[in-house]
Structure formats: structure tokens, C-alpha cells
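Colleague: Below you'll find run_33.cif; it's mmCIF, N, CA and C atoms.
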data_final
#
loop_
_atom_site.label_atom_id
_atom_site.label_comp_id
_atom_site.auth_asym_id
_atom_site.auth_seq_id
_atom_site.Cartn_x
_atom_site.Cartn_y
_atom_site.Cartn_z
N MET A 1 -13.36 -3.17 1.99
CA MET A 1 -13.79 -2.43 3.15
C MET A 1 -14.07 -3.38 4.31
N VAL A 2 -13.89 -2.88 5.48
CA VAL A 2 -14.16 -3.65 6.67
C VAL A 2 -15.62 -3.45 7.05
N SER A 3 -16.30 -4.54 7.32
CA SER A 3 -17.71 -4.43 7.69
C SER A 3 -17.86 -4.61 9.18
N THR A 4 -18.82 -3.94 9.75
CA THR A 4 -19.12 -4.09 11.17
C THR A 4 -20.17 -5.17 11.33
N GLU A 5 -20.54 -5.41 12.59
CA GLU A 5 -21.48 -6.49 12.84
C GLU A 5 -22.87 -6.20 12.28
N ASP A 6 -23.21 -4.92 12.05
CA ASP A 6 -24.53 -4.63 11.50
C ASP A 6 -24.53 -4.62 9.97
N GLY A 7 -23.40 -4.95 9.34
CA GLY A 7 -23.34 -5.08 7.90
C GLY A 7 -22.96 -3.80 7.16
N LYS A 8 -22.81 -2.69 7.86
CA LYS A 8 -22.43 -1.44 7.21
C LYS A 8 -20.90 -1.34 7.14
N ALA A 9 -20.42 -0.70 6.08
CA ALA A 9 -18.98 -0.56 5.90
C ALA A 9 -18.43 0.50 6.85
N LYS A 10 -17.28 0.21 7.41
CA LYS A 10 -16.63 1.15 8.32
C LYS A 10 -15.53 1.86 7.56
N LEU A 11 -15.67 3.17 7.37
CA LEU A 11 -14.71 3.92 6.57
C LEU A 11 -13.55 4.46 7.38
N ASN A 12 -13.80 4.93 8.59
CA ASN A 12 -12.71 5.53 9.35
C ASN A 12 -11.85 4.45 9.99
N GLN A 13 -10.63 4.34 9.49
CA GLN A 13 -9.69 3.36 9.98
C GLN A 13 -8.33 4.05 10.13
N PRO A 14 -7.67 3.89 11.27
CA PRO A 14 -6.41 4.61 11.51
C PRO A 14 -5.29 4.26 10.54
N TRP A 15 -5.28 3.06 9.96
CA TRP A 15 -4.19 2.70 9.06
C TRP A 15 -4.20 3.54 7.79
N ARG A 16 -5.29 4.22 7.52
CA ARG A 16 -5.35 5.08 6.34
C ARG A 16 -4.38 6.25 6.46
N GLY A 17 -4.02 6.63 7.68
CA GLY A 17 -3.04 7.69 7.89
C GLY A 17 -1.67 7.29 7.34
N ALA A 18 -1.29 6.03 7.54
CA ALA A 18 -0.02 5.54 7.01
C ALA A 18 -0.04 5.50 5.49
N VAL A 19 -1.18 5.11 4.94
CA VAL A 19 -1.31 5.10 3.48
C VAL A 19 -1.18 6.52 2.93
N ALA A 20 -1.81 7.48 3.61
CA ALA A 20 -1.73 8.88 3.18
C ALA A 20 -0.28 9.38 3.24
N PHE A 21 0.44 9.02 4.29
CA PHE A 21 1.84 9.44 4.42
C PHE A 21 2.68 8.86 3.28
N GLY A 22 2.46 7.59 2.96
CA GLY A 22 3.18 6.97 1.85
C GLY A 22 2.86 7.63 0.51
N GLU A 23 1.60 8.00 0.32
CA GLU A 23 1.21 8.66 -0.92
C GLU A 23 1.84 10.05 -1.03
N VAL A 24 1.95 10.75 0.09
CA VAL A 24 2.59 12.07 0.06
C VAL A 24 4.07 11.92 -0.29
N LEU A 25 4.74 10.91 0.25
CA LEU A 25 6.14 10.68 -0.09
C LEU A 25 6.30 10.35 -1.57
N LEU A 26 5.44 9.49 -2.09
CA LEU A 26 5.50 9.16 -3.51
C LEU A 26 5.21 10.38 -4.38
N ALA A 27 4.28 11.22 -3.93
CA ALA A 27 3.97 12.44 -4.69
C ALA A 27 5.16 13.38 -4.72
N ALA A 28 5.88 13.49 -3.61
CA ALA A 28 7.05 14.35 -3.57
C ALA A 28 8.14 13.84 -4.52
N VAL A 29 8.34 12.52 -4.53
CA VAL A 29 9.34 11.94 -5.43
C VAL A 29 8.92 12.16 -6.88
N ALA A 30 7.65 11.95 -7.19
CA ALA A 30 7.17 12.14 -8.56
C ALA A 30 7.31 13.60 -9.00
N ALA A 31 7.04 14.53 -8.10
CA ALA A 31 7.17 15.95 -8.44
C ALA A 31 8.63 16.32 -8.70
N VAL A 32 9.54 15.82 -7.87
CA VAL A 32 10.96 16.14 -8.06
C VAL A 32 11.47 15.54 -9.37
N VAL A 33 11.11 14.30 -9.66
CA VAL A 33 11.53 13.68 -10.92
C VAL A 33 10.88 14.40 -12.10
N GLY A 34 9.64 14.86 -11.94
CA GLY A 34 8.99 15.62 -13.00
C GLY A 34 9.71 16.92 -13.30
N VAL A 35 10.16 17.62 -12.27
CA VAL A 35 10.91 18.86 -12.47
C VAL A 35 12.25 18.56 -13.16
N LEU A 36 12.90 17.49 -12.75
CA LEU A 36 14.16 17.12 -13.41
C LEU A 36 13.94 16.77 -14.88
N CYS A 37 12.85 16.08 -15.19
CA CYS A 37 12.53 15.77 -16.58
C CYS A 37 12.24 17.04 -17.37
N TRP A 38 11.57 17.99 -16.75
CA TRP A 38 11.26 19.24 -17.44
C TRP A 38 12.54 19.99 -17.80
N HIS A 39 13.48 20.05 -16.85
CA HIS A 39 14.74 20.73 -17.12
C HIS A 39 15.55 19.99 -18.18
N ARG A 40 15.42 18.70 -18.22
CA ARG A 40 16.14 17.92 -19.25
C ARG A 40 15.50 18.11 -20.61
N GLY A 41 14.22 18.46 -20.65
CA GLY A 41 13.51 18.64 -21.92
C GLY A 41 13.66 20.01 -22.54
N VAL A 42 14.38 20.91 -21.92
CA VAL A 42 14.59 22.26 -22.46
C VAL A 42 16.09 22.50 -22.60
N SER A 43 16.50 22.88 -23.79
CA SER A 43 17.92 23.23 -23.98
C SER A 43 18.00 24.49 -24.85
N THR A 44 19.13 25.14 -24.77
CA THR A 44 19.35 26.38 -25.51
C THR A 44 20.50 26.17 -26.49
N MET A 45 20.31 26.65 -27.71
CA MET A 45 21.34 26.55 -28.73
C MET A 45 21.68 27.97 -29.19
N VAL A 46 22.96 28.30 -29.17
CA VAL A 46 23.43 29.62 -29.60
C VAL A 46 24.16 29.46 -30.93
N THR A 47 23.68 30.19 -31.96
CA THR A 47 24.27 30.12 -33.29
C THR A 47 24.87 31.49 -33.64
N PRO A 48 26.18 31.56 -33.83
CA PRO A 48 26.77 32.84 -34.24
C PRO A 48 26.40 33.16 -35.68
N LEU A 49 26.00 34.40 -35.92
CA LEU A 49 25.56 34.79 -37.26
C LEU A 49 26.69 35.41 -38.09
N GLY A 50 27.56 36.08 -37.47
CA GLY A 50 28.65 36.70 -38.22
C GLY A 50 29.24 37.84 -37.42
N PRO A 51 30.28 38.45 -37.96
CA PRO A 51 30.91 39.54 -37.23
C PRO A 51 29.99 40.76 -37.15
N GLY A 52 29.90 41.32 -35.96
CA GLY A 52 29.10 42.51 -35.74
C GLY A 52 27.61 42.25 -35.52
N GLN A 53 27.18 41.02 -35.58
CA GLN A 53 25.77 40.69 -35.38
C GLN A 53 25.62 39.89 -34.08
N PRO A 54 24.51 40.11 -33.39
CA PRO A 54 24.30 39.32 -32.16
C PRO A 54 24.00 37.86 -32.53
N PRO A 55 24.37 36.95 -31.67
CA PRO A 55 24.11 35.53 -31.97
C PRO A 55 22.61 35.22 -31.90
N LEU A 56 22.23 34.19 -32.62
CA LEU A 56 20.84 33.72 -32.61
C LEU A 56 20.70 32.69 -31.49
N VAL A 57 19.82 32.97 -30.54
CA VAL A 57 19.61 32.08 -29.39
C VAL A 57 18.28 31.36 -29.61
N SER A 58 18.33 30.05 -29.67
CA SER A 58 17.13 29.23 -29.88
C SER A 58 16.91 28.34 -28.67
N THR A 59 15.65 28.16 -28.32
CA THR A 59 15.28 27.22 -27.26
C THR A 59 14.68 25.98 -27.91
N ILE A 60 15.19 24.83 -27.52
CA ILE A 60 14.73 23.56 -28.09
C ILE A 60 13.97 22.81 -27.01
N PHE A 61 12.79 22.34 -27.37
CA PHE A 61 11.95 21.56 -26.45
C PHE A 61 11.90 20.12 -26.94
N TYR A 62 12.20 19.18 -26.06
CA TYR A 62 12.13 17.76 -26.37
C TYR A 62 10.81 17.22 -25.83
N ALA A 63 9.96 16.78 -26.73
CA ALA A 63 8.58 16.43 -26.36
C ALA A 63 8.52 15.22 -25.43
N ASP A 64 9.40 14.24 -25.59
CA ASP A 64 9.32 13.07 -24.73
C ASP A 64 9.60 13.41 -23.27
N TRP A 65 10.59 14.28 -23.04
CA TRP A 65 10.89 14.67 -21.66
C TRP A 65 9.79 15.56 -21.09
N MET A 66 9.23 16.42 -21.93
CA MET A 66 8.15 17.30 -21.47
C MET A 66 6.91 16.48 -21.12
N ALA A 67 6.58 15.49 -21.96
CA ALA A 67 5.42 14.64 -21.68
C ALA A 67 5.62 13.84 -20.40
N ALA A 68 6.84 13.35 -20.19
CA ALA A 68 7.12 12.62 -18.95
C ALA A 68 6.97 13.53 -17.74
N ALA A 69 7.44 14.77 -17.86
CA ALA A 69 7.33 15.72 -16.75
C ALA A 69 5.87 16.03 -16.45
N ILE A 70 5.08 16.28 -17.48
CA ILE A 70 3.66 16.57 -17.28
C ILE A 70 2.95 15.37 -16.66
N GLY A 71 3.26 14.18 -17.14
CA GLY A 71 2.65 12.97 -16.59
C GLY A 71 3.01 12.75 -15.13
N LEU A 72 4.27 12.98 -14.78
CA LEU A 72 4.69 12.78 -13.39
C LEU A 72 4.06 13.81 -12.45
N VAL A 73 3.94 15.05 -12.90
CA VAL A 73 3.29 16.05 -12.06
C VAL A 73 1.79 15.75 -11.93
N LEU A 74 1.19 15.23 -12.98
CA LEU A 74 -0.22 14.82 -12.89
C LEU A 74 -0.39 13.68 -11.88
N VAL A 75 0.49 12.70 -11.93
CA VAL A 75 0.44 11.59 -10.97
C VAL A 75 0.65 12.11 -9.55
N ALA A 76 1.57 13.04 -9.37
CA ALA A 76 1.82 13.61 -8.04
C ALA A 76 0.57 14.33 -7.53
N THR A 77 -0.11 15.06 -8.41
CA THR A 77 -1.33 15.76 -8.01
C THR A 77 -2.41 14.77 -7.58
N LEU A 78 -2.58 13.71 -8.35
CA LEU A 78 -3.59 12.71 -7.99
C LEU A 78 -3.24 12.01 -6.68
N LEU A 79 -1.96 11.76 -6.45
CA LEU A 79 -1.55 11.15 -5.18
C LEU A 79 -1.82 12.07 -4.00
N VAL A 80 -1.60 13.36 -4.17
CA VAL A 80 -1.88 14.31 -3.07
C VAL A 80 -3.37 14.37 -2.80
N LEU A 81 -4.19 14.37 -3.85
CA LEU A 81 -5.64 14.38 -3.64
C LEU A 81 -6.11 13.12 -2.92
N ASP A 82 -5.56 11.97 -3.31
CA ASP A 82 -5.96 10.74 -2.63
C ASP A 82 -5.42 10.69 -1.21
N ALA A 83 -4.25 11.27 -0.97
CA ALA A 83 -3.72 11.34 0.40
C ALA A 83 -4.62 12.20 1.27
N LEU A 84 -5.14 13.27 0.72
CA LEU A 84 -6.08 14.11 1.46
C LEU A 84 -7.35 13.32 1.80
N ARG A 85 -7.83 12.56 0.84
CA ARG A 85 -9.02 11.72 1.08
C ARG A 85 -8.74 10.67 2.16
N GLN A 86 -7.59 10.02 2.06
CA GLN A 86 -7.24 9.00 3.04
C GLN A 86 -7.10 9.62 4.44
N THR A 87 -6.53 10.81 4.52
CA THR A 87 -6.38 11.48 5.81
C THR A 87 -7.74 11.81 6.41
N LEU A 88 -8.64 12.32 5.60
CA LEU A 88 -9.98 12.62 6.11
C LEU A 88 -10.70 11.36 6.58
N LEU A 89 -10.51 10.26 5.87
CA LEU A 89 -11.14 9.01 6.30
C LEU A 89 -10.47 8.44 7.54
N ALA A 90 -9.19 8.74 7.75
CA ALA A 90 -8.49 8.21 8.92
C ALA A 90 -8.87 8.95 10.19
N VAL A 91 -9.11 10.25 10.10
CA VAL A 91 -9.35 11.02 11.32
C VAL A 91 -10.81 11.36 11.55
N ARG A 92 -11.64 11.09 10.59
CA ARG A 92 -13.04 11.44 10.76
C ARG A 92 -13.67 10.57 11.84
N THR A 93 -14.45 11.21 12.69
CA THR A 93 -15.10 10.47 13.76
C THR A 93 -16.21 9.62 13.20
N PRO A 94 -16.50 8.50 13.86
CA PRO A 94 -17.57 7.65 13.36
C PRO A 94 -18.91 8.38 13.45
N ARG A 95 -19.76 8.06 12.53
CA ARG A 95 -21.08 8.70 12.52
C ARG A 95 -21.92 8.17 13.66
N ARG A 96 -22.70 9.08 14.22
CA ARG A 96 -23.63 8.67 15.27
C ARG A 96 -24.86 8.04 14.65
N PRO A 97 -25.47 7.12 15.36
CA PRO A 97 -26.70 6.54 14.80
C PRO A 97 -27.79 7.61 14.72
N THR A 98 -28.66 7.46 13.76
CA THR A 98 -29.74 8.44 13.61
C THR A 98 -30.67 8.35 14.81
N PRO A 99 -31.12 9.50 15.29
CA PRO A 99 -32.00 9.47 16.46
C PRO A 99 -33.36 8.87 16.10
N PRO A 100 -34.02 8.29 17.08
CA PRO A 100 -35.33 7.69 16.79
C PRO A 100 -36.36 8.78 16.47
N VAL A 101 -37.32 8.42 15.65
CA VAL A 101 -38.39 9.35 15.27
C VAL A 101 -39.55 9.10 16.20
N TYR A 102 -40.03 10.16 16.85
CA TYR A 102 -41.16 10.06 17.76
C TYR A 102 -42.37 10.74 17.11
N GLY A 103 -43.50 10.23 17.36
CA GLY A 103 -44.70 10.89 16.90
C GLY A 103 -45.50 9.98 15.98
N PRO A 104 -46.44 10.56 15.29
CA PRO A 104 -47.35 9.75 14.46
C PRO A 104 -46.71 9.23 13.19
N CYS A 105 -45.49 9.60 12.87
CA CYS A 105 -44.86 9.17 11.61
C CYS A 105 -44.24 7.80 11.72
N GLN A 106 -44.35 7.12 12.85
CA GLN A 106 -43.71 5.83 13.01
C GLN A 106 -44.43 4.86 12.17
#
Using the file provided, produce a representation of the structure as C-alpha cells.

Modeller:
Amino acid sequence: MVSTEDGKAKLNQPWRGAVAFGEVLLAAVAAVVGVLCWHRGVSTMVTPLGPGQPPLVSTIFYADWMAAAIGLVLVATLLVLDALRQTLLAVRTPRRPTPPVYGPCQ
């Protein structure tokens, strides 16, 4: 963190907007790759049973592709949350100093 001359950390910094933009781009890529992994992890197998009978349709799930898809979507979600945090820190106005206290409580 960047410190000011009074020793307090300064949170609002404009460069955080660029970091947030980069995180949103990475989240979009992770989400797209996650969807592609999900589609790769599901396949359909059709087995003919015999004459006059409808075929048996089975759906096969591949756990490694499904786990990769879930992990990538989780990473994308965390990146979007952190991008939101970075954006709020980039645009938030600096805090005003606390007003002086007047009266017998000094």
C-alpha cells in the first residue's frame, strides 16, 4: 500500500481501475474456457437394443472435465468479485478528516 505523509495508507488509487479491467478480461476468458470444458465433459451414447425397440440413450459425464469447468467458473467468479472491489477502491473519494470535537470532552 502507498502511505501518505501522515502515515495512513491511501486506498483510492486510479491504477486500480486498470487492474479491475484486466481481472474482468481474465474472468471472461476463464468463464468461456469453463463452458468449453463443461461441454467436453458431457457426451451421449446411443445403443440400439433390437428391432422394434427404441434405442437406449445414455449420457456420460467425465469428471476431470467437469471439475476443470467448475474450477474455472469459480476462479472467474472470484476475479469478478475482486474486480468490483478494485473498482470501488479506484473511484471512491478520499475520506474527509474527522471534524474537531468542541466542548468539555476535549

Colleague: Quick one: everything within 8 Å of stretch 50-67 of chain A, counting only N, CA and C atoms, minus sequence neighbours fewer than 2 positions away in the same chain. Send it as a ChimeraX atom specification.

Modeller: /A:34,36-48,69-73

Colleague: Using all atoms listed in the file, which of A:Leu88, A:Val101, A:Ala76, A:Leu49 sits nearest A:Leu26?

Modeller: A:Ala76

Colleague: Expanded to explicit residues, what is the PyMOL selection byres (((chain A and resi 18 and name CA) around 12) and name CA) for this file, as number ranges by chain?

Modeller: A: 13-17, 19-25, 83-84, 86-87, 89-91

Colleague: Interatomic distance between atom CA of A:Ala31 and atom CA of A:Asp82?

Modeller: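 So the answer is 15.3 Å.
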
Colleague: What separation in Å, quoted to one decimal, exists between atom CA of A:Leu81 and atom CA of A:Ala68?

Modeller: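 Atom CA of A:Ala68 lies at a distance of 20.0 Å from atom CA of A:Leu81.
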
Colleague: What's the separation between atom CA of A:Arg85 and atom CA of A:Ala30, in Å to one decimal place?

Modeller: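 Going from atom CA of A:Arg85 over to atom CA of A:Ala30 covers 18.8 Å.
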
Colleague: Could you pull out the strand (DSSP E) residues of chain A, going by DSSP on the backbone, and write them as a list in words?

Modeller: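 Checking each residue of chain A, the strand (DSSP E) ones are Val2, Ser3, Ala9, Lys10, Val42, Ser43, Thr44, Met45, Val46, Thr47, Leu56, Val57, Ser58, Thr59, Ile60 and Phe61 of chain A.
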
Colleague: The centre and edge lengths of an axis-aligned box containing all atoms of stretch 60-75 of chain A present in the file, extended by 3 Å on each side, are to be given in Å to one decimal, as lines of an AutoDock Vina configuration file.

Modeller:
center_x = 7.4
center_y = 18.2
center_z = -18.8
size_x = 21.6
size_y = 19.2
size_z = 24.5

Colleague: Please report, as a ChimeraX atom specification, each residue of stretch 51-85 of chain A to which DSSP assigns helix (DSSP H, G or I) when run on this structure's backbone.

Modeller: /A:63-85
